[in-house]
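One file, my_file.cif, is given below (mmCIF, N, CA and C atoms).
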data_model
#
loop_
_atom_site.label_atom_id
_atom_site.label_comp_id
_atom_site.auth_asym_id
_atom_site.auth_seq_id
_atom_site.Cartn_x
_atom_site.Cartn_y
_atom_site.Cartn_z
N MET A 26 0.85 -1.18 0.00
CA MET A 26 0.00 0.00 0.00
C MET A 26 0.89 1.24 0.00
N ILE A 27 0.37 2.32 -0.55
CA ILE A 27 1.08 3.60 -0.58
C ILE A 27 0.40 4.53 0.42
N VAL A 28 1.22 5.13 1.30
CA VAL A 28 0.72 6.04 2.32
C VAL A 28 1.38 7.40 2.11
N ARG A 29 0.57 8.44 2.10
CA ARG A 29 1.09 9.80 2.00
C ARG A 29 0.96 10.48 3.36
N ILE A 30 2.04 11.11 3.79
CA ILE A 30 2.00 12.00 4.95
C ILE A 30 2.01 13.40 4.38
N MET A 31 0.95 14.13 4.65
CA MET A 31 0.81 15.47 4.08
C MET A 31 2.02 16.32 4.41
N GLY A 32 2.58 16.95 3.40
CA GLY A 32 3.72 17.83 3.56
C GLY A 32 5.06 17.12 3.61
N GLU A 33 5.07 15.78 3.56
CA GLU A 33 6.33 15.04 3.64
C GLU A 33 6.60 14.18 2.43
N GLY A 34 5.62 13.42 1.98
CA GLY A 34 5.84 12.53 0.86
C GLY A 34 5.09 11.24 1.02
N GLN A 35 5.54 10.24 0.24
CA GLN A 35 4.85 8.95 0.19
C GLN A 35 5.79 7.83 0.62
N TRP A 36 5.19 6.79 1.23
CA TRP A 36 5.92 5.60 1.65
C TRP A 36 5.19 4.38 1.12
N LYS A 37 5.95 3.38 0.70
CA LYS A 37 5.37 2.10 0.29
C LYS A 37 5.50 1.14 1.47
N LEU A 38 4.36 0.57 1.87
CA LEU A 38 4.34 -0.36 2.99
C LEU A 38 3.71 -1.67 2.56
N ALA A 39 4.22 -2.75 3.12
CA ALA A 39 3.62 -4.07 2.87
C ALA A 39 2.26 -4.12 3.56
N ASP A 40 1.33 -4.81 2.93
CA ASP A 40 -0.01 -4.94 3.51
C ASP A 40 0.03 -5.61 4.88
N SER A 41 1.08 -6.35 5.17
CA SER A 41 1.20 -7.03 6.46
C SER A 41 1.29 -6.05 7.63
N HIS A 42 1.59 -4.79 7.36
CA HIS A 42 1.69 -3.78 8.42
C HIS A 42 0.35 -3.13 8.75
N PHE A 43 -0.68 -3.52 8.01
CA PHE A 43 -2.00 -2.91 8.19
C PHE A 43 -2.49 -3.05 9.63
N VAL A 44 -2.29 -4.21 10.25
CA VAL A 44 -2.80 -4.45 11.61
C VAL A 44 -2.18 -3.46 12.60
N GLU A 45 -0.87 -3.27 12.53
CA GLU A 45 -0.21 -2.33 13.44
C GLU A 45 -0.69 -0.89 13.21
N LEU A 46 -0.81 -0.49 11.95
CA LEU A 46 -1.27 0.87 11.66
C LEU A 46 -2.72 1.06 12.07
N ASN A 47 -3.54 0.04 11.87
CA ASN A 47 -4.94 0.14 12.24
C ASN A 47 -5.11 0.27 13.76
N LYS A 48 -4.27 -0.41 14.52
CA LYS A 48 -4.31 -0.31 15.98
C LYS A 48 -4.00 1.13 16.41
N LEU A 49 -2.99 1.72 15.81
CA LEU A 49 -2.65 3.11 16.13
C LEU A 49 -3.77 4.06 15.70
N ASP A 50 -4.40 3.77 14.57
CA ASP A 50 -5.52 4.58 14.11
C ASP A 50 -6.67 4.53 15.12
N ASP A 51 -6.96 3.33 15.64
CA ASP A 51 -8.01 3.19 16.65
C ASP A 51 -7.68 4.00 17.91
N GLU A 52 -6.41 3.96 18.31
CA GLU A 52 -5.98 4.73 19.48
C GLU A 52 -6.12 6.23 19.22
N LEU A 53 -5.80 6.65 18.00
CA LEU A 53 -5.92 8.06 17.65
C LEU A 53 -7.39 8.50 17.73
N LEU A 54 -8.28 7.68 17.21
CA LEU A 54 -9.71 7.98 17.29
C LEU A 54 -10.17 8.11 18.74
N ALA A 55 -9.69 7.22 19.59
CA ALA A 55 -10.09 7.26 21.00
C ALA A 55 -9.61 8.55 21.67
N THR A 56 -8.40 8.99 21.37
CA THR A 56 -7.91 10.23 21.97
C THR A 56 -8.70 11.43 21.47
N MET A 57 -9.10 11.37 20.21
CA MET A 57 -9.87 12.47 19.65
C MET A 57 -11.26 12.53 20.26
N GLU A 58 -11.88 11.36 20.41
CA GLU A 58 -13.23 11.31 20.99
C GLU A 58 -13.24 11.82 22.42
N SER A 59 -12.15 11.57 23.15
CA SER A 59 -12.08 12.01 24.54
C SER A 59 -11.57 13.45 24.67
N GLY A 60 -11.10 14.02 23.55
CA GLY A 60 -10.55 15.38 23.59
C GLY A 60 -9.19 15.46 24.26
N ASP A 61 -8.48 14.33 24.31
CA ASP A 61 -7.17 14.25 24.95
C ASP A 61 -6.10 14.79 24.01
N GLU A 62 -5.80 16.06 24.12
CA GLU A 62 -4.85 16.71 23.21
C GLU A 62 -3.45 16.08 23.31
N GLU A 63 -2.98 15.82 24.52
CA GLU A 63 -1.65 15.23 24.70
C GLU A 63 -1.62 13.81 24.13
N GLY A 64 -2.64 13.02 24.41
CA GLY A 64 -2.72 11.67 23.86
C GLY A 64 -2.80 11.68 22.34
N PHE A 65 -3.54 12.65 21.82
CA PHE A 65 -3.65 12.83 20.37
C PHE A 65 -2.27 13.08 19.76
N ARG A 66 -1.52 14.00 20.32
CA ARG A 66 -0.18 14.35 19.81
C ARG A 66 0.73 13.12 19.83
N GLN A 67 0.72 12.40 20.95
CA GLN A 67 1.58 11.22 21.09
C GLN A 67 1.20 10.12 20.11
N THR A 68 -0.10 9.89 19.96
CA THR A 68 -0.55 8.81 19.08
C THR A 68 -0.35 9.17 17.62
N LEU A 69 -0.59 10.41 17.24
CA LEU A 69 -0.32 10.84 15.87
C LEU A 69 1.16 10.68 15.56
N ALA A 70 2.02 11.08 16.48
CA ALA A 70 3.46 10.93 16.28
C ALA A 70 3.83 9.45 16.13
N ALA A 71 3.22 8.57 16.93
CA ALA A 71 3.49 7.14 16.84
C ALA A 71 3.03 6.57 15.50
N LEU A 72 1.87 7.01 15.02
CA LEU A 72 1.35 6.54 13.74
C LEU A 72 2.27 6.96 12.59
N LEU A 73 2.65 8.22 12.59
CA LEU A 73 3.54 8.71 11.53
C LEU A 73 4.91 8.05 11.61
N SER A 74 5.40 7.85 12.81
CA SER A 74 6.69 7.17 13.00
C SER A 74 6.64 5.74 12.49
N ALA A 75 5.53 5.06 12.73
CA ALA A 75 5.38 3.68 12.25
C ALA A 75 5.42 3.63 10.73
N VAL A 76 4.76 4.57 10.07
CA VAL A 76 4.79 4.61 8.61
C VAL A 76 6.22 4.82 8.12
N ARG A 77 6.92 5.75 8.75
CA ARG A 77 8.31 6.02 8.33
C ARG A 77 9.22 4.83 8.61
N ARG A 78 9.01 4.15 9.73
CA ARG A 78 9.85 3.03 10.14
C ARG A 78 9.58 1.78 9.30
N LEU A 79 8.33 1.51 9.02
CA LEU A 79 7.94 0.29 8.32
C LEU A 79 7.97 0.42 6.80
N GLY A 80 7.89 1.65 6.33
CA GLY A 80 7.79 1.87 4.90
C GLY A 80 9.10 2.24 4.24
N THR A 81 9.05 2.23 2.94
CA THR A 81 10.17 2.67 2.12
C THR A 81 9.75 3.96 1.44
N PRO A 82 10.51 5.05 1.66
CA PRO A 82 10.11 6.32 1.04
C PRO A 82 10.19 6.23 -0.49
N LEU A 83 9.19 6.81 -1.13
CA LEU A 83 9.22 6.90 -2.59
C LEU A 83 9.97 8.17 -2.97
N PRO A 84 10.59 8.19 -4.14
CA PRO A 84 11.28 9.40 -4.57
C PRO A 84 10.32 10.59 -4.62
N ASP A 85 10.86 11.78 -4.40
CA ASP A 85 10.04 12.99 -4.38
C ASP A 85 9.28 13.20 -5.69
N ASP A 86 9.85 12.75 -6.80
CA ASP A 86 9.18 12.97 -8.08
C ASP A 86 8.18 11.87 -8.43
N ALA A 87 8.02 10.86 -7.56
CA ALA A 87 7.04 9.80 -7.78
C ALA A 87 5.67 10.30 -7.34
N LEU A 88 4.68 10.08 -8.17
CA LEU A 88 3.32 10.46 -7.86
C LEU A 88 2.41 9.24 -7.99
N GLU A 89 2.47 8.38 -7.01
CA GLU A 89 1.65 7.18 -6.97
C GLU A 89 0.32 7.50 -6.30
N PRO A 90 -0.76 6.82 -6.68
CA PRO A 90 -2.02 7.01 -5.96
C PRO A 90 -1.85 6.49 -4.53
N SER A 91 -2.27 7.28 -3.55
CA SER A 91 -2.13 6.92 -2.15
C SER A 91 -3.41 6.26 -1.65
N GLU A 92 -3.26 5.08 -1.04
CA GLU A 92 -4.41 4.42 -0.44
C GLU A 92 -4.79 5.12 0.86
N LEU A 93 -3.80 5.68 1.54
CA LEU A 93 -4.02 6.37 2.81
C LEU A 93 -3.34 7.72 2.77
N ILE A 94 -4.02 8.72 3.31
CA ILE A 94 -3.43 10.05 3.43
C ILE A 94 -3.50 10.43 4.90
N LEU A 95 -2.35 10.65 5.50
CA LEU A 95 -2.26 10.98 6.92
C LEU A 95 -1.91 12.45 7.08
N PRO A 96 -2.33 13.04 8.18
CA PRO A 96 -2.04 14.46 8.41
C PRO A 96 -0.57 14.69 8.70
N SER A 97 -0.16 15.93 8.55
CA SER A 97 1.22 16.29 8.89
C SER A 97 1.40 16.23 10.41
N PRO A 98 2.64 16.11 10.88
CA PRO A 98 2.88 16.01 12.31
C PRO A 98 2.39 17.21 13.11
N ASP A 99 2.28 18.36 12.47
CA ASP A 99 1.86 19.57 13.19
C ASP A 99 0.36 19.87 13.04
N ALA A 100 -0.39 18.92 12.47
CA ALA A 100 -1.83 19.12 12.31
C ALA A 100 -2.50 19.20 13.69
N SER A 101 -3.49 20.05 13.79
CA SER A 101 -4.21 20.19 15.05
C SER A 101 -5.25 19.09 15.18
N LEU A 102 -5.70 18.87 16.40
CA LEU A 102 -6.75 17.89 16.65
C LEU A 102 -7.98 18.21 15.80
N GLU A 103 -8.33 19.47 15.71
CA GLU A 103 -9.51 19.88 14.92
C GLU A 103 -9.30 19.61 13.43
N GLN A 104 -8.11 19.86 12.91
CA GLN A 104 -7.84 19.59 11.50
C GLN A 104 -7.98 18.09 11.20
N VAL A 105 -7.49 17.28 12.10
CA VAL A 105 -7.57 15.83 11.89
C VAL A 105 -9.01 15.36 12.02
N ARG A 106 -9.76 15.94 12.93
CA ARG A 106 -11.19 15.60 13.04
C ARG A 106 -11.89 15.80 11.70
N GLU A 107 -11.54 16.87 11.00
CA GLU A 107 -12.16 17.16 9.71
C GLU A 107 -11.77 16.12 8.65
N MET A 108 -10.58 15.52 8.78
CA MET A 108 -10.11 14.53 7.81
C MET A 108 -10.79 13.18 8.02
N LEU A 109 -11.22 12.91 9.22
CA LEU A 109 -11.69 11.57 9.57
C LEU A 109 -13.10 11.31 9.09
N SER A 110 -13.30 10.07 8.70
CA SER A 110 -14.66 9.56 8.49
C SER A 110 -14.96 8.68 9.69
N ASP A 111 -16.08 8.04 9.72
CA ASP A 111 -16.43 7.14 10.82
C ASP A 111 -15.46 5.98 10.94
N ASP A 112 -14.74 5.67 9.86
CA ASP A 112 -13.81 4.53 9.87
C ASP A 112 -12.42 4.92 10.31
N GLY A 113 -12.16 6.19 10.55
CA GLY A 113 -10.81 6.60 10.93
C GLY A 113 -9.97 6.91 9.71
N LEU A 114 -8.70 7.09 9.93
CA LEU A 114 -7.80 7.41 8.84
C LEU A 114 -7.56 6.19 7.95
N ILE A 115 -7.60 5.01 8.58
CA ILE A 115 -7.33 3.79 7.86
C ILE A 115 -8.62 3.02 7.71
N PRO A 116 -9.14 2.88 6.50
CA PRO A 116 -10.40 2.15 6.31
C PRO A 116 -10.28 0.74 6.81
N GLY A 117 -11.29 0.27 7.52
CA GLY A 117 -11.26 -1.09 8.08
C GLY A 117 -12.01 -1.98 7.21
#

Kindly transcribe the structure held in the file into structure tokens.
Amino acid sequence: MIVRIMGEGQWKLADSHFVELNKLDDELLATMESGDEEGFRQTLAALLSAVRRLGTPLPDDALEPSELILPSPDASLEQVREMLSDDGLIPG
């Protein structure tokens, strides 16, 4: 799967990493629902870090269709709320 982090670029990840990313997505949703700003920041950082750690960055000039688009690390809780559907950032 191809994942885009807004403002950073794209990473190619094996589908086998979906479970780990989905778990972090669920945690992110929980922090947002509770209004836990600190938990939101920590979980968003963990999600983005996992994509960077597990994935292979695509060249800057590559424009592949992204299955997932994640917010930038400095996105606010409110900005991410606007991005989310009922399924979270990662469709289940």

Review point. Given the choices A:Ala39, A:Val44, A:Leu54, A:Met31, which gets closest to A:Leu73 if the distance is worked out from only C-alpha atoms?
Key: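 That would be A:Met31, the residue with the smallest distance to A:Leu73.
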
Practice item. For atom N of A:Glu58 and atom CA of A:Leu102, quote the distance in Å rounded to one decimal. Key: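 Between atom N of A:Glu58 and atom CA of A:Leu102 the gap is 9.1 Å.
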
For the structure shown, which residues end up in the PyMOL selection byres ((chain A and resi 80) around 8)? Put them as a short mmCIF file (atom, residue, chain, number, x, y, z; two decimals) with N, CA and C atoms, in the frame of the given file, please?
data_model
loop_
_atom_site.label_atom_id
_atom_site.label_comp_id
_atom_site.auth_asym_id
_atom_site.auth_seq_id
_atom_site.Cartn_x
_atom_site.Cartn_y
_atom_site.Cartn_z
N GLN A 35 5.54 10.24 0.24
CA GLN A 35 4.85 8.95 0.19
C GLN A 35 5.79 7.83 0.62
N TRP A 36 5.19 6.79 1.23
CA TRP A 36 5.92 5.60 1.65
C TRP A 36 5.19 4.38 1.12
N LYS A 37 5.95 3.38 0.70
CA LYS A 37 5.37 2.10 0.29
C LYS A 37 5.50 1.14 1.47
N LEU A 38 4.36 0.57 1.87
CA LEU A 38 4.34 -0.36 2.99
C LEU A 38 3.71 -1.67 2.56
N ALA A 39 4.22 -2.75 3.12
CA ALA A 39 3.62 -4.07 2.87
C ALA A 39 2.26 -4.12 3.56
N SER A 74 5.40 7.85 12.81
CA SER A 74 6.69 7.17 13.00
C SER A 74 6.64 5.74 12.49
N ALA A 75 5.53 5.06 12.73
CA ALA A 75 5.38 3.68 12.25
C ALA A 75 5.42 3.63 10.73
N VAL A 76 4.76 4.57 10.07
CA VAL A 76 4.79 4.61 8.61
C VAL A 76 6.22 4.82 8.12
N ARG A 77 6.92 5.75 8.75
CA ARG A 77 8.31 6.02 8.33
C ARG A 77 9.22 4.83 8.61
N ARG A 78 9.01 4.15 9.73
CA ARG A 78 9.85 3.03 10.14
C ARG A 78 9.58 1.78 9.30
N LEU A 79 8.33 1.51 9.02
CA LEU A 79 7.94 0.29 8.32
C LEU A 79 7.97 0.42 6.80
N THR A 81 9.05 2.23 2.94
CA THR A 81 10.17 2.67 2.12
C THR A 81 9.75 3.96 1.44
N PRO A 82 10.51 5.05 1.66
CA PRO A 82 10.11 6.32 1.04
C PRO A 82 10.19 6.23 -0.49
N LEU A 83 9.19 6.81 -1.13
CA LEU A 83 9.22 6.90 -2.59
C LEU A 83 9.97 8.17 -2.97
#

Review point. Atom CA of A:Glu45 and atom N of A:Ser59, how far apart in Å?
Key: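 Taking atom N of A:Ser59 as the start and atom CA of A:Glu45 as the end point, the length is 20.7 Å.
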
Point to revise | Expansion of the PyMOL selection byres ((chain A and resi 94) around 7) into residues, as a ChimeraX atom specification | key: /A:27-31,91-93,95-96,114

Practice item. Quick one: pull the distance between atom N of A:Leu53 and atom C of A:Pro98, Å, one decimal. Key: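 Separation between atom N of A:Leu53 and atom C of A:Pro98: 14.2 Å.
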
Review point. What residues in chain A get the DSSP label alpha helix (DSSP H)? Please answer as number ranges by chain.
Key: A: 43-59, 62-79, 102-108

Pull N, CA and C atoms from the residues just selected and write them as a short mmCIF file (atom, residue, chain, number, x, y, z; two decimals), in the coordinates of the input.
data_model
loop_
_atom_site.label_atom_id
_atom_site.label_comp_id
_atom_site.auth_asym_id
_atom_site.auth_seq_id
_atom_site.Cartn_x
_atom_site.Cartn_y
_atom_site.Cartn_z
N PHE A 43 -0.68 -3.52 8.01
CA PHE A 43 -2.00 -2.91 8.19
C PHE A 43 -2.49 -3.05 9.63
N VAL A 44 -2.29 -4.21 10.25
CA VAL A 44 -2.80 -4.45 11.61
C VAL A 44 -2.18 -3.46 12.60
N GLU A 45 -0.87 -3.27 12.53
CA GLU A 45 -0.21 -2.33 13.44
C GLU A 45 -0.69 -0.89 13.21
N LEU A 46 -0.81 -0.49 11.95
CA LEU A 46 -1.27 0.87 11.66
C LEU A 46 -2.72 1.06 12.07
N ASN A 47 -3.54 0.04 11.87
CA ASN A 47 -4.94 0.14 12.24
C ASN A 47 -5.11 0.27 13.76
N LYS A 48 -4.27 -0.41 14.52
CA LYS A 48 -4.31 -0.31 15.98
C LYS A 48 -4.00 1.13 16.41
N LEU A 49 -2.99 1.72 15.81
CA LEU A 49 -2.65 3.11 16.13
C LEU A 49 -3.77 4.06 15.70
N ASP A 50 -4.40 3.77 14.57
CA ASP A 50 -5.52 4.58 14.11
C ASP A 50 -6.67 4.53 15.12
N ASP A 51 -6.96 3.33 15.64
CA ASP A 51 -8.01 3.19 16.65
C ASP A 51 -7.68 4.00 17.91
N GLU A 52 -6.41 3.96 18.31
CA GLU A 52 -5.98 4.73 19.48
C GLU A 52 -6.12 6.23 19.22
N LEU A 53 -5.80 6.65 18.00
CA LEU A 53 -5.92 8.06 17.65
C LEU A 53 -7.39 8.50 17.73
N LEU A 54 -8.28 7.68 17.21
CA LEU A 54 -9.71 7.98 17.29
C LEU A 54 -10.17 8.11 18.74
N ALA A 55 -9.69 7.22 19.59
CA ALA A 55 -10.09 7.26 21.00
C ALA A 55 -9.61 8.55 21.67
N THR A 56 -8.40 8.99 21.37
CA THR A 56 -7.91 10.23 21.97
C THR A 56 -8.70 11.43 21.47
N MET A 57 -9.10 11.37 20.21
CA MET A 57 -9.87 12.47 19.65
C MET A 57 -11.26 12.53 20.26
N GLU A 58 -11.88 11.36 20.41
CA GLU A 58 -13.23 11.31 20.99
C GLU A 58 -13.24 11.82 22.42
N SER A 59 -12.15 11.57 23.15
CA SER A 59 -12.08 12.01 24.54
C SER A 59 -11.57 13.45 24.67
N GLU A 62 -5.80 16.06 24.12
CA GLU A 62 -4.85 16.71 23.21
C GLU A 62 -3.45 16.08 23.31
N GLU A 63 -2.98 15.82 24.52
CA GLU A 63 -1.65 15.23 24.70
C GLU A 63 -1.62 13.81 24.13
N GLY A 64 -2.64 13.02 24.41
CA GLY A 64 -2.72 11.67 23.86
C GLY A 64 -2.80 11.68 22.34
N PHE A 65 -3.54 12.65 21.82
CA PHE A 65 -3.65 12.83 20.37
C PHE A 65 -2.27 13.08 19.76
N ARG A 66 -1.52 14.00 20.32
CA ARG A 66 -0.18 14.35 19.81
C ARG A 66 0.73 13.12 19.83
N GLN A 67 0.72 12.40 20.95
CA GLN A 67 1.58 11.22 21.09
C GLN A 67 1.20 10.12 20.11
N THR A 68 -0.10 9.89 19.96
CA THR A 68 -0.55 8.81 19.08
C THR A 68 -0.35 9.17 17.62
N LEU A 69 -0.59 10.41 17.24
CA LEU A 69 -0.32 10.84 15.87
C LEU A 69 1.16 10.68 15.56
N ALA A 70 2.02 11.08 16.48
CA ALA A 70 3.46 10.93 16.28
C ALA A 70 3.83 9.45 16.13
N ALA A 71 3.22 8.57 16.93
CA ALA A 71 3.49 7.14 16.84
C ALA A 71 3.03 6.57 15.50
N LEU A 72 1.87 7.01 15.02
CA LEU A 72 1.35 6.54 13.74
C LEU A 72 2.27 6.96 12.59
N LEU A 73 2.65 8.22 12.59
CA LEU A 73 3.54 8.71 11.53
C LEU A 73 4.91 8.05 11.61
N SER A 74 5.40 7.85 12.81
CA SER A 74 6.69 7.17 13.00
C SER A 74 6.64 5.74 12.49
N ALA A 75 5.53 5.06 12.73
CA ALA A 75 5.38 3.68 12.25
C ALA A 75 5.42 3.63 10.73
N VAL A 76 4.76 4.57 10.07
CA VAL A 76 4.79 4.61 8.61
C VAL A 76 6.22 4.82 8.12
N ARG A 77 6.92 5.75 8.75
CA ARG A 77 8.31 6.02 8.33
C ARG A 77 9.22 4.83 8.61
N ARG A 78 9.01 4.15 9.73
CA ARG A 78 9.85 3.03 10.14
C ARG A 78 9.58 1.78 9.30
N LEU A 79 8.33 1.51 9.02
CA LEU A 79 7.94 0.29 8.32
C LEU A 79 7.97 0.42 6.80
N LEU A 102 -5.70 18.87 16.40
CA LEU A 102 -6.75 17.89 16.65
C LEU A 102 -7.98 18.21 15.80
N GLU A 103 -8.33 19.47 15.71
CA GLU A 103 -9.51 19.88 14.92
C GLU A 103 -9.30 19.61 13.43
N GLN A 104 -8.11 19.86 12.91
CA GLN A 104 -7.84 19.59 11.50
C GLN A 104 -7.98 18.09 11.20
N VAL A 105 -7.49 17.28 12.10
CA VAL A 105 -7.57 15.83 11.89
C VAL A 105 -9.01 15.36 12.02
N ARG A 106 -9.76 15.94 12.93
CA ARG A 106 -11.19 15.60 13.04
C ARG A 106 -11.89 15.80 11.70
N GLU A 107 -11.54 16.87 11.00
CA GLU A 107 -12.16 17.16 9.71
C GLU A 107 -11.77 16.12 8.65
N MET A 108 -10.58 15.52 8.78
CA MET A 108 -10.11 14.53 7.81
C MET A 108 -10.79 13.18 8.02
#

**Study point:** Spatial neighbours of A:Gly64, max dist 8 Å, all atoms listed in the file, sep filter under 5 positions, as a PyMOL selection string
**Key:** chain A and resi 52-53+55-57+69-70

Exercise for review: Would you please work out which residue, of A:Ala87, A:Glu33, A:Arg66, A:Ala71, is nearest to A:Leu49 when using only N, CA and C atoms?
Suggested key: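 Among the listed residues, A:Ala71 lies closest to A:Leu49.
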
Could I get stretch 34-42 of chain A rebuilt with all heavy atoms, written as a PDB file, keeping the file's coordinate frame?
ATOM      1  N   GLY A  34       5.620  13.420   1.980  1.00  0.00           N
ATOM      2  CA  GLY A  34       5.840  12.530   0.860  1.00  0.00           C
ATOM      3  C   GLY A  34       5.090  11.240   1.020  1.00  0.00           C
ATOM      4  O   GLY A  34       4.159  11.129   1.813  1.00  0.00           O
ATOM      5  N   GLN A  35       5.540  10.240   0.240  1.00  0.00           N
ATOM      6  CA  GLN A  35       4.850   8.950   0.190  1.00  0.00           C
ATOM      7  C   GLN A  35       5.790   7.830   0.620  1.00  0.00           C
ATOM      8  O   GLN A  35       6.997   7.900   0.385  1.00  0.00           O
ATOM      9  CB  GLN A  35       4.361   8.660  -1.222  1.00  0.00           C
ATOM     10  CG  GLN A  35       3.268   9.573  -1.699  1.00  0.00           C
ATOM     11  CD  GLN A  35       2.848   9.217  -3.107  1.00  0.00           C
ATOM     12  OE1 GLN A  35       3.660   9.212  -4.026  1.00  0.00           O
ATOM     13  NE2 GLN A  35       1.569   8.909  -3.289  1.00  0.00           N
ATOM     14  N   TRP A  36       5.190   6.790   1.230  1.00  0.00           N
ATOM     15  CA  TRP A  36       5.920   5.600   1.650  1.00  0.00           C
ATOM     16  C   TRP A  36       5.190   4.380   1.120  1.00  0.00           C
ATOM     17  O   TRP A  36       3.966   4.336   1.125  1.00  0.00           O
ATOM     18  CB  TRP A  36       5.984   5.503   3.172  1.00  0.00           C
ATOM     19  CG  TRP A  36       7.022   6.373   3.780  1.00  0.00           C
ATOM     20  CD1 TRP A  36       8.257   5.990   4.228  1.00  0.00           C
ATOM     21  CD2 TRP A  36       6.955   7.776   4.029  1.00  0.00           C
ATOM     22  NE1 TRP A  36       8.938   7.074   4.724  1.00  0.00           N
ATOM     23  CE2 TRP A  36       8.161   8.183   4.610  1.00  0.00           C
ATOM     24  CE3 TRP A  36       5.976   8.740   3.797  1.00  0.00           C
ATOM     25  CZ2 TRP A  36       8.422   9.493   4.975  1.00  0.00           C
ATOM     26  CZ3 TRP A  36       6.232  10.060   4.158  1.00  0.00           C
ATOM     27  CH2 TRP A  36       7.445  10.415   4.739  1.00  0.00           C
ATOM     28  N   LYS A  37       5.950   3.380   0.700  1.00  0.00           N
ATOM     29  CA  LYS A  37       5.370   2.100   0.290  1.00  0.00           C
ATOM     30  C   LYS A  37       5.500   1.140   1.470  1.00  0.00           C
ATOM     31  O   LYS A  37       6.583   0.964   2.013  1.00  0.00           O
ATOM     32  CB  LYS A  37       6.104   1.547  -0.925  1.00  0.00           C
ATOM     33  CG  LYS A  37       5.501   0.260  -1.446  1.00  0.00           C
ATOM     34  CD  LYS A  37       6.199  -0.174  -2.728  1.00  0.00           C
ATOM     35  CE  LYS A  37       5.588  -1.428  -3.287  1.00  0.00           C
ATOM     36  NZ  LYS A  37       4.317  -1.219  -3.958  1.00  0.00           N
ATOM     37  N   LEU A  38       4.360   0.570   1.870  1.00  0.00           N
ATOM     38  CA  LEU A  38       4.340  -0.360   2.990  1.00  0.00           C
ATOM     39  C   LEU A  38       3.710  -1.670   2.560  1.00  0.00           C
ATOM     40  O   LEU A  38       2.766  -1.684   1.767  1.00  0.00           O
ATOM     41  CB  LEU A  38       3.505   0.196   4.153  1.00  0.00           C
ATOM     42  CG  LEU A  38       4.161   1.284   4.983  1.00  0.00           C
ATOM     43  CD1 LEU A  38       3.874   2.645   4.422  1.00  0.00           C
ATOM     44  CD2 LEU A  38       3.674   1.190   6.405  1.00  0.00           C
ATOM     45  N   ALA A  39       4.220  -2.750   3.120  1.00  0.00           N
ATOM     46  CA  ALA A  39       3.620  -4.070   2.870  1.00  0.00           C
ATOM     47  C   ALA A  39       2.260  -4.120   3.560  1.00  0.00           C
ATOM     48  O   ALA A  39       2.077  -3.541   4.636  1.00  0.00           O
ATOM     49  CB  ALA A  39       4.534  -5.161   3.429  1.00  0.00           C
ATOM     50  N   ASP A  40       1.330  -4.810   2.930  1.00  0.00           N
ATOM     51  CA  ASP A  40      -0.010  -4.940   3.510  1.00  0.00           C
ATOM     52  C   ASP A  40       0.030  -5.610   4.880  1.00  0.00           C
ATOM     53  O   ASP A  40      -0.882  -5.421   5.682  1.00  0.00           O
ATOM     54  CB  ASP A  40      -0.910  -5.739   2.570  1.00  0.00           C
ATOM     55  CG  ASP A  40      -1.258  -4.962   1.303  1.00  0.00           C
ATOM     56  OD1 ASP A  40      -1.142  -3.711   1.304  1.00  0.00           O
ATOM     57  OD2 ASP A  40      -1.659  -5.598   0.318  1.00  0.00           O
ATOM     58  N   SER A  41       1.080  -6.350   5.170  1.00  0.00           N
ATOM     59  CA  SER A  41       1.200  -7.030   6.460  1.00  0.00           C
ATOM     60  C   SER A  41       1.290  -6.050   7.630  1.00  0.00           C
ATOM     61  O   SER A  41       1.072  -6.438   8.775  1.00  0.00           O
ATOM     62  CB  SER A  41       2.407  -7.964   6.470  1.00  0.00           C
ATOM     63  OG  SER A  41       3.599  -7.223   6.261  1.00  0.00           O
ATOM     64  N   HIS A  42       1.590  -4.790   7.360  1.00  0.00           N
ATOM     65  CA  HIS A  42       1.690  -3.780   8.420  1.00  0.00           C
ATOM     66  C   HIS A  42       0.350  -3.130   8.750  1.00  0.00           C
ATOM     67  O   HIS A  42       0.251  -2.315   9.653  1.00  0.00           O
ATOM     68  CB  HIS A  42       2.705  -2.704   8.042  1.00  0.00           C
ATOM     69  CG  HIS A  42       4.084  -3.244   7.864  1.00  0.00           C
ATOM     70  ND1 HIS A  42       4.765  -3.914   8.844  1.00  0.00           N
ATOM     71  CD2 HIS A  42       4.906  -3.218   6.799  1.00  0.00           C
ATOM     72  CE1 HIS A  42       5.945  -4.279   8.392  1.00  0.00           C
ATOM     73  NE2 HIS A  42       6.051  -3.869   7.154  1.00  0.00           N
TER      74      HIS A  42
END
